[in-house]
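Undergrad: Compact mmCIF, C-alpha atoms, saved as final36.txt, coming up:
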# COMPACT_ATOMS: atom_id res chain seq x y z
CA MET A 15 -11.12 -23.51 3.99
CA THR A 16 -10.09 -23.54 0.39
CA ASP A 17 -7.05 -24.57 -1.57
CA LEU A 18 -5.98 -20.92 -1.40
CA SER A 19 -6.44 -20.55 2.37
CA PRO A 20 -5.72 -23.98 3.85
CA THR A 21 -5.36 -22.69 7.42
CA PRO A 22 -7.37 -20.33 9.64
CA ARG A 23 -4.59 -17.73 9.45
CA THR A 24 -5.60 -16.58 5.98
CA ARG A 25 -9.27 -17.59 6.14
CA ILE A 26 -11.52 -14.63 5.55
CA THR A 27 -13.85 -14.26 8.50
CA ARG A 28 -15.65 -11.02 7.62
CA LEU A 29 -17.47 -10.11 4.38
CA ARG A 30 -16.72 -13.60 3.11
CA GLU A 31 -18.53 -12.89 -0.14
CA ARG A 32 -15.53 -10.75 -1.04
CA GLY A 33 -13.15 -13.70 -0.77
CA ARG A 34 -11.82 -15.39 -3.87
CA THR A 35 -10.70 -18.98 -3.80
CA GLU A 36 -8.86 -19.50 -7.08
CA ARG A 37 -5.09 -19.64 -6.94
CA GLU A 38 -4.97 -18.43 -10.57
CA GLU A 39 -6.79 -15.24 -9.56
CA LEU A 40 -4.30 -14.65 -6.75
CA LEU A 41 -1.37 -15.10 -9.13
CA ALA A 42 -2.94 -12.82 -11.75
CA PHE A 43 -3.46 -10.08 -9.16
CA LEU A 44 0.06 -10.45 -7.74
CA SER A 45 1.49 -10.22 -11.26
CA GLU A 46 -0.04 -6.73 -11.60
CA GLY A 47 1.19 -5.19 -8.36
CA LEU A 48 4.18 -2.89 -7.96
CA VAL A 49 4.64 -2.80 -4.20
CA ALA A 50 3.93 -5.12 -1.28
CA HIS A 51 3.81 -4.24 2.38
CA VAL A 52 5.74 -6.78 4.39
CA ALA A 53 4.97 -7.00 8.10
CA VAL A 54 7.58 -8.46 10.42
CA ASN A 55 7.96 -8.57 14.16
CA ALA A 56 10.62 -6.09 15.24
CA GLY A 57 11.12 -7.22 18.80
CA ASP A 58 8.01 -6.28 20.74
CA HIS A 59 5.98 -4.75 17.91
CA PRO A 60 5.22 -5.27 14.24
CA VAL A 61 6.56 -3.10 11.43
CA ALA A 62 5.07 -2.88 7.94
CA LEU A 63 7.30 -1.57 5.15
CA PRO A 64 6.80 -1.20 1.41
CA VAL A 65 8.98 -3.41 -0.78
CA ALA A 66 9.34 -4.39 -4.40
CA TYR A 67 8.56 -8.06 -4.93
CA GLY A 68 8.54 -10.84 -7.47
CA VAL A 69 6.58 -14.08 -7.79
CA ASP A 70 7.62 -17.52 -8.99
CA PRO A 71 4.47 -19.65 -9.16
CA ASP A 72 6.71 -22.70 -9.66
CA GLY A 73 9.26 -21.65 -7.03
CA PRO A 74 10.74 -24.08 -4.51
CA ASP A 75 8.29 -23.27 -1.69
CA GLU A 76 4.91 -24.89 -1.13
CA GLY A 77 2.32 -23.21 -3.32
CA GLY A 78 5.04 -21.27 -5.16
CA THR A 79 7.34 -18.51 -3.94
CA LEU A 80 6.99 -14.80 -3.35
CA TYR A 81 10.34 -13.00 -3.13
CA VAL A 82 11.10 -9.70 -1.44
CA HIS A 83 14.53 -8.19 -1.28
CA GLY A 84 16.31 -5.57 0.72
CA SER A 85 19.72 -4.39 1.81
CA VAL A 86 21.72 -6.70 4.04
CA GLY A 87 21.89 -3.64 6.31
CA ALA A 88 18.13 -3.33 6.79
CA GLY A 89 17.03 -4.19 10.32
CA TRP A 90 13.76 -5.87 9.35
CA MET A 91 15.67 -8.09 6.92
CA ARG A 92 17.69 -9.44 9.81
CA GLU A 93 14.59 -10.02 11.97
CA ALA A 94 12.55 -11.82 9.36
CA PRO A 95 14.33 -15.10 8.46
CA GLY A 96 12.72 -18.06 10.19
CA SER A 97 9.85 -15.99 11.54
CA THR A 98 6.31 -15.71 10.27
CA VAL A 99 5.77 -12.69 8.08
CA CYS A 100 2.76 -11.23 6.33
CA VAL A 101 3.02 -9.88 2.79
CA THR A 102 0.11 -7.74 1.64
CA VAL A 103 -0.49 -6.39 -1.86
CA THR A 104 -3.31 -3.88 -2.22
CA SER A 105 -4.84 -2.08 -5.16
CA VAL A 106 -7.26 0.77 -4.49
CA ASP A 107 -9.69 0.63 -7.41
CA GLY A 108 -12.30 3.21 -6.47
CA LEU A 109 -13.88 5.46 -3.88
CA VAL A 110 -17.38 4.32 -2.93
CA LEU A 111 -19.26 7.51 -2.09
CA ALA A 112 -22.35 6.47 -0.22
CA ARG A 113 -25.31 8.37 1.26
CA SER A 114 -24.02 7.98 4.83
CA GLY A 115 -20.58 8.21 6.33
CA PHE A 116 -20.94 4.65 7.57
CA ASN A 117 -21.49 3.19 4.10
CA HIS A 118 -18.55 4.96 2.50
CA SER A 119 -16.11 2.36 1.29
CA MET A 120 -13.49 1.60 -1.30
CA ASN A 121 -13.32 -0.79 -4.16
CA TYR A 122 -10.09 -2.71 -3.79
CA ARG A 123 -8.23 -5.92 -4.32
CA CYS A 124 -6.06 -7.20 -1.50
CA ALA A 125 -3.86 -10.28 -1.35
CA VAL A 126 -2.50 -11.40 2.01
CA VAL A 127 0.21 -14.07 2.20
CA ILE A 128 1.31 -15.43 5.58
CA GLY A 129 4.26 -17.75 5.92
CA THR A 130 7.67 -18.45 7.34
CA ALA A 131 10.31 -16.29 5.67
CA ARG A 132 13.25 -18.24 4.26
CA GLN A 133 16.54 -16.44 3.74
CA VAL A 134 17.67 -17.29 0.22
CA GLU A 135 21.25 -18.50 0.57
CA SER A 136 22.06 -19.75 -2.92
CA GLU A 137 23.55 -17.11 -5.19
CA GLU A 138 21.72 -18.65 -8.14
CA GLU A 139 18.30 -18.41 -6.51
CA ARG A 140 19.08 -14.90 -5.30
CA ALA A 141 19.99 -13.76 -8.81
CA ARG A 142 16.81 -15.36 -10.16
CA ALA A 143 14.71 -13.67 -7.46
CA LEU A 144 16.20 -10.26 -8.29
CA ASP A 145 15.40 -10.85 -11.96
CA LEU A 146 11.79 -11.59 -10.99
CA VAL A 147 11.66 -8.34 -9.02
CA VAL A 148 12.94 -6.40 -12.05
CA ASP A 149 10.49 -8.17 -14.36
CA GLN A 150 7.67 -7.28 -11.97
CA ILE A 151 8.52 -3.61 -12.61
CA VAL A 152 9.01 -3.96 -16.37
CA PRO A 153 8.18 -7.39 -17.79
CA GLY A 154 11.04 -8.77 -19.85
CA ARG A 155 13.59 -6.23 -18.61
CA ALA A 156 15.78 -8.58 -16.55
CA ALA A 157 16.93 -10.42 -19.69
CA THR A 158 18.21 -7.14 -21.17
CA MET A 159 20.41 -6.28 -18.18
CA ARG A 160 24.05 -7.21 -17.59
CA PRO A 161 24.46 -10.04 -15.06
CA HIS A 162 24.42 -9.16 -11.34
CA THR A 163 27.90 -8.83 -9.92
CA ARG A 164 29.17 -10.84 -6.96
CA LYS A 165 29.33 -7.58 -4.98
CA GLU A 166 25.70 -6.72 -5.79
CA LEU A 167 24.50 -10.17 -4.80
CA ALA A 168 26.48 -9.99 -1.55
CA ALA A 169 24.84 -6.64 -0.70
CA THR A 170 21.32 -7.96 -1.24
CA SER A 171 19.21 -10.03 1.12
CA VAL A 172 16.37 -11.98 -0.42
CA LEU A 173 13.50 -13.51 1.52
CA ALA A 174 11.29 -16.24 0.11
CA VAL A 175 7.73 -16.62 1.41
CA PRO A 176 5.65 -19.67 0.42
CA LEU A 177 2.39 -18.83 -1.36
CA ARG A 178 0.70 -21.76 0.38
CA GLU A 179 -1.35 -19.69 2.85
CA ALA A 180 -2.98 -16.77 1.14
CA SER A 181 -6.22 -14.91 0.70
CA LEU A 182 -7.56 -12.60 -1.96
CA LYS A 183 -10.36 -10.20 -1.05
CA VAL A 184 -12.08 -8.10 -3.68
CA ARG A 185 -14.71 -5.34 -3.50
CA ALA A 186 -15.79 -4.32 -6.97
CA HIS A 187 -19.34 -2.96 -6.91
CA GLY A 188 -21.44 0.10 -6.34
CA VAL A 189 -22.74 1.72 -3.19
CA GLY A 190 -24.50 -0.38 -0.56
CA ASP A 191 -26.83 2.09 1.09
CA GLU A 192 -29.78 1.61 3.41
CA PRO A 193 -33.15 1.82 1.59
CA GLU A 194 -34.19 4.79 3.74
CA ASP A 195 -31.08 6.70 2.65
CA VAL A 196 -31.71 5.90 -1.01
CA ALA A 197 -35.29 7.14 -0.57
CA THR A 198 -34.02 10.63 0.32
CA GLY A 199 -32.81 11.06 -3.28
CA THR A 200 -29.28 11.88 -2.10
CA TRP A 201 -26.66 11.41 -4.81
CA ALA A 202 -24.23 8.48 -4.45
CA GLY A 203 -21.75 6.82 -6.75
CA VAL A 204 -18.32 5.37 -7.35
CA LEU A 205 -15.19 7.24 -8.43
CA PRO A 206 -12.93 4.67 -10.14
CA LEU A 207 -9.20 5.01 -9.55
CA ARG A 208 -6.16 3.59 -11.26
CA THR A 209 -2.40 4.03 -11.37
CA VAL A 210 -1.19 5.61 -14.59
CA ALA A 211 2.17 6.55 -16.00
CA GLY A 212 3.18 10.03 -17.07
CA GLU A 213 5.79 10.83 -19.70
CA LEU A 214 9.05 8.87 -19.53
CA GLU A 215 11.94 10.93 -18.16
CA PRO A 216 15.12 9.59 -19.82
CA ASP A 217 18.40 10.08 -17.97
CA PRO A 218 20.07 13.00 -19.82
CA ALA A 219 23.39 11.09 -19.83
CA THR A 220 22.02 8.60 -22.39
CA PRO A 221 19.05 10.04 -24.27
CA GLY A 222 19.17 7.25 -26.90
CA PRO A 223 16.18 5.22 -28.08
CA VAL A 224 13.82 3.86 -25.41
CA PRO A 225 14.12 0.07 -25.09
CA GLU A 226 11.12 -1.83 -26.41
CA ASP A 227 10.22 -3.39 -23.04
CA VAL A 228 10.17 0.04 -21.39
CA ALA A 229 8.11 1.60 -24.19
CA ARG A 230 5.60 -1.25 -23.95
CA ARG A 231 5.34 -0.94 -20.16
CA ALA A 232 4.97 2.86 -20.37
CA ALA A 233 2.18 2.53 -22.94
CA GLN A 234 0.44 -0.10 -20.82
CA LEU A 235 0.61 2.08 -17.72
CA ARG A 236 -0.59 5.11 -19.67
CA GLY A 237 -3.62 3.01 -20.60
CA ASP A 238 -2.98 3.29 -24.35
CA PRO A 239 -5.37 1.16 -26.39
CA GLY A 240 -3.97 -2.06 -27.77
CA GLN A 241 -1.65 -2.61 -24.83
CA MET B 16 16.77 11.82 16.48
CA THR B 17 14.43 14.54 15.36
CA ASP B 18 11.18 16.00 16.56
CA LEU B 19 9.49 13.67 14.07
CA SER B 20 11.30 10.52 15.21
CA PRO B 21 12.01 10.99 18.91
CA THR B 22 12.81 7.30 19.52
CA PRO B 23 14.95 4.69 17.76
CA ARG B 24 11.80 2.83 16.65
CA THR B 25 11.09 5.25 13.84
CA ARG B 26 14.64 6.49 13.28
CA ILE B 27 15.73 5.88 9.72
CA THR B 28 18.88 3.78 9.77
CA ARG B 29 19.41 3.19 6.06
CA LEU B 30 19.56 5.75 3.22
CA ARG B 31 19.18 8.48 5.82
CA GLU B 32 19.35 11.16 3.14
CA ARG B 33 15.84 10.06 2.20
CA GLY B 34 14.49 10.89 5.64
CA ARG B 35 12.47 14.03 6.23
CA THR B 36 12.31 15.63 9.63
CA GLU B 37 9.50 18.18 9.38
CA ARG B 38 6.22 17.30 11.02
CA GLU B 39 4.41 19.57 8.53
CA GLU B 40 5.70 17.46 5.66
CA LEU B 41 4.46 14.28 7.36
CA LEU B 42 1.01 15.81 7.87
CA ALA B 43 0.88 17.08 4.28
CA PHE B 44 1.74 13.62 2.95
CA LEU B 45 -0.75 11.87 5.24
CA SER B 46 -3.47 14.28 4.11
CA GLU B 47 -3.04 13.05 0.52
CA GLY B 48 -3.19 9.29 1.13
CA LEU B 49 -6.20 7.07 0.62
CA VAL B 50 -5.17 3.86 2.32
CA ALA B 51 -2.86 2.89 5.17
CA HIS B 52 -1.51 -0.54 5.97
CA VAL B 53 -1.88 -1.25 9.65
CA ALA B 54 0.32 -3.97 11.11
CA VAL B 55 -0.78 -5.66 14.32
CA ASN B 56 0.39 -8.72 16.16
CA ALA B 57 -2.10 -11.52 15.64
CA GLY B 58 -0.91 -13.94 18.28
CA ASP B 59 2.43 -15.31 17.11
CA HIS B 60 2.79 -13.36 13.88
CA PRO B 61 2.14 -9.94 12.42
CA VAL B 62 -0.65 -9.12 9.99
CA ALA B 63 -0.76 -6.06 7.72
CA LEU B 64 -4.13 -5.00 6.36
CA PRO B 65 -5.25 -2.04 4.26
CA VAL B 66 -7.56 0.43 5.98
CA ALA B 67 -9.08 3.83 5.40
CA TYR B 68 -7.77 6.40 7.84
CA GLY B 69 -8.11 9.95 9.02
CA VAL B 70 -5.77 12.39 10.74
CA ASP B 71 -6.39 14.98 13.43
CA PRO B 72 -3.17 16.99 13.86
CA ASP B 73 -4.68 18.50 17.01
CA GLY B 74 -6.13 15.23 18.27
CA PRO B 75 -5.92 14.14 21.91
CA ASP B 76 -2.83 11.97 21.50
CA GLU B 77 0.78 13.13 21.72
CA GLY B 78 1.85 14.60 18.39
CA GLY B 79 -1.72 14.44 17.10
CA THR B 80 -3.93 11.46 16.28
CA LEU B 81 -4.21 9.06 13.38
CA TYR B 82 -7.50 7.17 13.32
CA VAL B 83 -8.28 3.86 11.66
CA HIS B 84 -11.61 2.16 11.83
CA GLY B 85 -12.99 -1.28 11.27
CA SER B 86 -15.86 -3.56 12.11
CA VAL B 87 -16.24 -4.61 15.71
CA GLY B 88 -16.20 -8.12 14.23
CA ALA B 89 -12.72 -7.83 12.72
CA GLY B 90 -10.17 -9.99 14.49
CA TRP B 91 -7.27 -7.56 14.17
CA MET B 92 -9.42 -4.82 15.70
CA ARG B 93 -9.77 -6.92 18.81
CA GLU B 94 -6.04 -7.67 19.02
CA ALA B 95 -4.84 -4.11 18.56
CA PRO B 96 -6.06 -2.02 21.54
CA GLY B 97 -3.27 -1.49 24.07
CA SER B 98 -0.65 -3.06 21.83
CA THR B 99 1.96 -1.37 19.66
CA VAL B 100 0.89 -1.10 16.05
CA CYS B 101 2.54 0.23 12.92
CA VAL B 102 0.61 2.32 10.42
CA THR B 103 2.28 2.78 7.04
CA VAL B 104 1.13 5.03 4.21
CA THR B 105 2.94 4.63 0.91
CA SER B 106 2.74 6.40 -2.41
CA VAL B 107 4.52 4.87 -5.39
CA ASP B 108 5.56 7.87 -7.49
CA GLY B 109 7.68 6.32 -10.21
CA LEU B 110 9.61 3.37 -11.58
CA VAL B 111 13.36 3.99 -11.62
CA LEU B 112 14.65 2.02 -14.60
CA ALA B 113 18.39 1.75 -14.17
CA ARG B 114 21.17 0.20 -16.23
CA SER B 115 21.53 -2.78 -13.92
CA GLY B 116 18.99 -4.91 -12.10
CA PHE B 117 20.62 -3.94 -8.81
CA ASN B 118 20.06 -0.20 -9.31
CA HIS B 119 16.41 -0.51 -10.27
CA SER B 120 14.33 1.32 -7.71
CA MET B 121 11.14 3.24 -7.18
CA ASN B 122 10.40 6.81 -6.37
CA TYR B 123 8.10 6.80 -3.39
CA ARG B 124 6.96 8.54 -0.25
CA CYS B 125 6.42 6.42 2.84
CA ALA B 126 5.21 7.46 6.28
CA VAL B 127 5.58 5.03 9.17
CA VAL B 128 3.84 5.67 12.48
CA ILE B 129 4.50 3.41 15.46
CA GLY B 130 2.52 3.72 18.65
CA THR B 131 0.20 2.16 21.18
CA ALA B 132 -3.29 1.78 19.75
CA ARG B 133 -6.02 3.30 21.89
CA GLN B 134 -9.57 2.03 21.52
CA VAL B 135 -11.77 5.09 21.13
CA GLU B 136 -14.55 4.65 23.67
CA SER B 137 -16.35 7.97 23.53
CA GLU B 138 -19.17 8.10 21.00
CA GLU B 139 -18.37 11.71 20.26
CA GLU B 140 -14.72 11.04 19.42
CA ARG B 141 -15.75 7.98 17.39
CA ALA B 142 -18.18 10.05 15.33
CA ARG B 143 -15.53 12.70 14.79
CA ALA B 144 -12.97 10.07 13.74
CA LEU B 145 -15.39 8.60 11.20
CA ASP B 146 -15.99 12.09 9.81
CA LEU B 147 -12.22 12.50 9.41
CA VAL B 148 -12.06 9.18 7.54
CA VAL B 149 -14.84 10.33 5.17
CA ASP B 150 -13.16 13.71 4.66
CA GLN B 151 -9.91 11.92 3.85
CA ILE B 152 -11.74 10.27 0.92
CA VAL B 153 -13.59 13.42 -0.21
CA PRO B 154 -12.62 16.60 1.68
CA GLY B 155 -15.69 18.36 3.04
CA ARG B 156 -18.03 15.45 2.49
CA ALA B 157 -18.64 14.51 6.15
CA ALA B 158 -20.49 17.80 6.77
CA THR B 159 -22.95 16.98 3.97
CA MET B 160 -23.93 13.58 5.42
CA ARG B 161 -26.73 12.79 7.83
CA PRO B 162 -25.46 12.14 11.39
CA HIS B 163 -24.16 8.67 12.24
CA THR B 164 -26.78 6.54 13.95
CA ARG B 165 -26.28 4.90 17.33
CA LYS B 166 -26.38 1.53 15.60
CA GLU B 167 -23.66 2.53 13.14
CA LEU B 168 -21.42 3.84 15.89
CA ALA B 169 -21.96 0.66 17.89
CA ALA B 170 -20.92 -1.45 14.89
CA THR B 171 -17.69 0.46 14.36
CA SER B 172 -14.42 0.14 16.21
CA VAL B 173 -12.06 3.07 16.02
CA LEU B 174 -8.40 2.95 16.97
CA ALA B 175 -6.35 6.06 17.71
CA VAL B 176 -2.59 6.00 17.18
CA PRO B 177 -0.44 8.90 18.42
CA LEU B 178 1.56 10.64 15.70
CA ARG B 179 4.43 11.17 18.14
CA GLU B 180 6.74 8.50 16.71
CA ALA B 181 6.86 8.70 12.95
CA SER B 182 9.16 8.79 9.98
CA LEU B 183 8.79 10.03 6.45
CA LYS B 184 11.09 8.63 3.78
CA VAL B 185 11.12 10.03 0.27
CA ARG B 186 12.90 8.99 -2.92
CA ALA B 187 12.30 11.52 -5.67
CA HIS B 188 15.17 11.56 -8.13
CA GLY B 189 16.58 9.94 -11.22
CA VAL B 190 18.61 6.78 -11.71
CA GLY B 191 21.70 6.19 -9.58
CA ASP B 192 23.87 4.02 -11.79
CA GLU B 193 27.53 3.08 -11.57
CA PRO B 194 29.76 5.21 -13.85
CA GLU B 195 30.87 2.10 -15.76
CA ASP B 196 27.23 1.25 -16.56
CA VAL B 197 26.53 4.82 -17.72
CA ALA B 198 29.62 4.59 -19.94
CA THR B 199 28.07 1.71 -21.89
CA GLY B 200 25.49 4.15 -23.30
CA THR B 201 22.61 1.95 -22.10
CA TRP B 202 19.30 3.83 -21.81
CA ALA B 203 17.94 4.56 -18.34
CA GLY B 204 15.18 6.75 -16.99
CA VAL B 205 12.22 7.23 -14.71
CA LEU B 206 8.59 6.41 -15.46
CA PRO B 207 6.47 8.67 -13.22
CA LEU B 208 3.30 7.16 -11.77
CA ARG B 209 0.24 8.64 -10.16
CA THR B 210 -3.24 7.64 -9.08
CA VAL B 211 -5.95 9.13 -11.26
CA ALA B 212 -9.72 9.03 -11.29
CA GLY B 213 -11.81 7.81 -14.19
CA GLU B 214 -15.34 8.95 -14.93
CA LEU B 215 -17.75 9.13 -11.98
CA GLU B 216 -20.25 6.27 -11.92
CA PRO B 217 -23.44 7.62 -10.29
CA ASP B 218 -25.76 5.12 -8.60
CA PRO B 219 -28.62 4.68 -11.12
CA ALA B 220 -31.15 4.98 -8.26
CA THR B 221 -30.37 8.70 -7.86
CA PRO B 222 -28.81 10.13 -11.01
CA GLY B 223 -29.32 13.75 -9.84
CA PRO B 224 -26.63 16.46 -9.85
CA VAL B 225 -23.19 15.53 -8.53
CA PRO B 226 -22.46 17.23 -5.18
CA GLU B 227 -19.89 19.99 -5.39
CA ASP B 228 -17.41 18.30 -3.03
CA VAL B 229 -17.49 15.13 -5.14
CA ALA B 230 -17.11 17.03 -8.42
CA ARG B 231 -14.13 18.91 -6.99
CA ARG B 232 -12.48 15.73 -5.72
CA ALA B 233 -13.08 13.94 -9.04
CA ALA B 234 -11.54 16.85 -10.97
CA GLN B 235 -8.56 16.92 -8.62
CA LEU B 236 -7.98 13.17 -9.00
CA ARG B 237 -8.37 13.44 -12.78
CA GLY B 238 -5.56 15.97 -12.65
CA ASP B 239 -7.67 18.72 -14.23
CA PRO B 240 -5.87 22.06 -14.33
CA GLY B 241 -6.87 24.59 -11.71
CA GLN B 242 -7.63 21.94 -9.11
Just give me the structure as structure tokens.
TA:
Amino acid sequence: MTDLSPTPRTRITRLRERGRTEREELLAFLSEGLVAHVAVNAGDHPVALPVAYGVDPDGPDEGGTLYVHGSVGAGWMREAPGSTVCVTVTSVDGLVLARSGFNHSMNYRCAVVIGTARQVESEEERARALDLVVDQIVPGRAATMRPHTRKELAATSVLAVPLREASLKVRAHGVGDEPEDVATGTWAGVLPLRTVAGELEPDPATPGPVPEDVARRAAQLRGDPGQ
Amino acid sequence: MTDLSPTPRTRITRLRERGRTEREELLAFLSEGLVAHVAVNAGDHPVALPVAYGVDPDGPDEGGTLYVHGSVGAGWMREAPGSTVCVTVTSVDGLVLARSGFNHSMNYRCAVVIGTARQVESEEERARALDLVVDQIVPGRAATMRPHTRKELAATSVLAVPLREASLKVRAHGVGDEPEDVATGTWAGVLPLRTVAGELEPDPATPGPVPEDVARRAAQLRGDPGQ
């Protein structure tokens, strides 16, 4: 048990050496992600769907708040409030190409948050949550947008999940082969992976100058030096 | 209802124009993915975890078979057999940077498979499934590996999920803004994203020549022309 995983539900039981215990590391990883998979019970079976998300480390829920949003018409959004959901954010960082099929693996970072989903009722908190979701995509962008309209807020469901119960698991090393496989001289190694941006595709209707926040984000995701 | 989504469980109810109905397109997308999120019921709540996977379009299950594997010690692997699970594969293909927070979106492809998980008992099918998982990471690589040992097969649980009930949802277009927001002249556009490989990191113990299958996969994931 750690501060990060105060209950057995998010305690790492296998490959514990991969578990991280610092809340700051969880928040740093979550701040980098683009998509979460949220798992909810849909009647007699679970469903996992990709969603955009935002994080407020000082949000109103215990441990801080993770927000996901969706249409008020989405079925899983109606099932989730008041039930326990699981929000998982994964980054695949490399292919671990071992000397046996069994020892093939991936380098990855994976955050799992388990908690009771709260439907965000207040229009103010909902607007703030949507801003966090936009800023997750392009930091600083929400402040440059016009305010959300009443109609937009009414069409959007927002769920808040407390960050209290979470885990962060990381594999970030080379191959782990058996000595007898290494002795054969067979090649093995790691192929690092990352998500990168291509060239911006401006909407032809308004080809004007690219906003600074977008240019900065594009450069960062292209991996340009200095970003 | 389509051949791809024969039941309401995987029928797309929102933004139906994003739904694809061709099984070939589902298989093509699944053949590209590196990681799936598998959602299982863990007692009173769902859990979604990232896993490597493999696909056998001609596998023994209805519609073909999707395999995921894990340690026999993993809790979710013990919960899953006989229960309905959801396997989701997502690719984030771009950030859709609109003129309002509300219209921000992502380009993505997302396959959802829902079905009863079957524990693979036969050693032969388990070995074949593990080969498919390795070939998903680097096509052709399984055939270059030594055979799995009895001990390795005994330490590995494999779940088979029928591909019968599935959906494939795709967003692959530009911004969808309100005319009044376009009229303001505000910039908008799409930032395409993809997963790319960096430089191979050979294990220092065996720096010999890189196997052809690995070199080909690395070039493909670097986006080299001709791959």
Undergrad: Extract, using all atoms listed in the file, all DNA, RNA and protein residues at most 9 Å from Asn122 (chain B), discarding same-chain residues fewer than 6 positions from it, and format them as a PDB file with C-alpha atoms, in the coordinates of the input.
TA:
ATOM      1  CA  SER B 106       2.740   6.400  -2.410  1.00  0.00           C
ATOM      2  CA  VAL B 107       4.520   4.870  -5.390  1.00  0.00           C
ATOM      3  CA  ASP B 108       5.560   7.870  -7.490  1.00  0.00           C
ATOM      4  CA  GLY B 109       7.680   6.320 -10.210  1.00  0.00           C
ATOM      5  CA  LEU B 110       9.610   3.370 -11.580  1.00  0.00           C
ATOM      6  CA  VAL B 111      13.360   3.990 -11.620  1.00  0.00           C
ATOM      7  CA  VAL B 185      11.120  10.030   0.270  1.00  0.00           C
ATOM      8  CA  ARG B 186      12.900   8.990  -2.920  1.00  0.00           C
ATOM      9  CA  ALA B 187      12.300  11.520  -5.670  1.00  0.00           C
ATOM     10  CA  HIS B 188      15.170  11.560  -8.130  1.00  0.00           C
ATOM     11  CA  GLY B 189      16.580   9.940 -11.220  1.00  0.00           C
ATOM     12  CA  VAL B 205      12.220   7.230 -14.710  1.00  0.00           C
ATOM     13  CA  PRO B 207       6.470   8.670 -13.220  1.00  0.00           C
ATOM     14  CA  LEU B 208       3.300   7.160 -11.770  1.00  0.00           C
TER      15      LEU B 208
END
Undergrad: What does the structure give for the distance between CA of Pro177 (chain B) and CA of Thr131 (chain B), in Å to one decimal?
TA: 7.3 Å
Undergrad: Between CA of Arg30 (chain A) and CA of Phe43 (chain A), what is the spacing in Å?
TA: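 Straight-line distance from CA of Phe43 (chain A) to CA of Arg30 (chain A) works out to 18.4 Å.
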Undergrad: Counting all atoms listed in the file, figure out which residue out of A:Gln150, A:Thr198, A:Thr27, A:Ser114 gets nearest to Val65 (chain A).
TA: A:Gln150
Undergrad: Name all residues at most 12 Å from Lys165 (chain A) (count only C-alpha atoms; drop same-chain ones fewer than 2 positions away) and give them as a PyMOL selection string.
TA: (chain A and resi 86+137+141+161-163+167-170) or (chain B and resi 117)
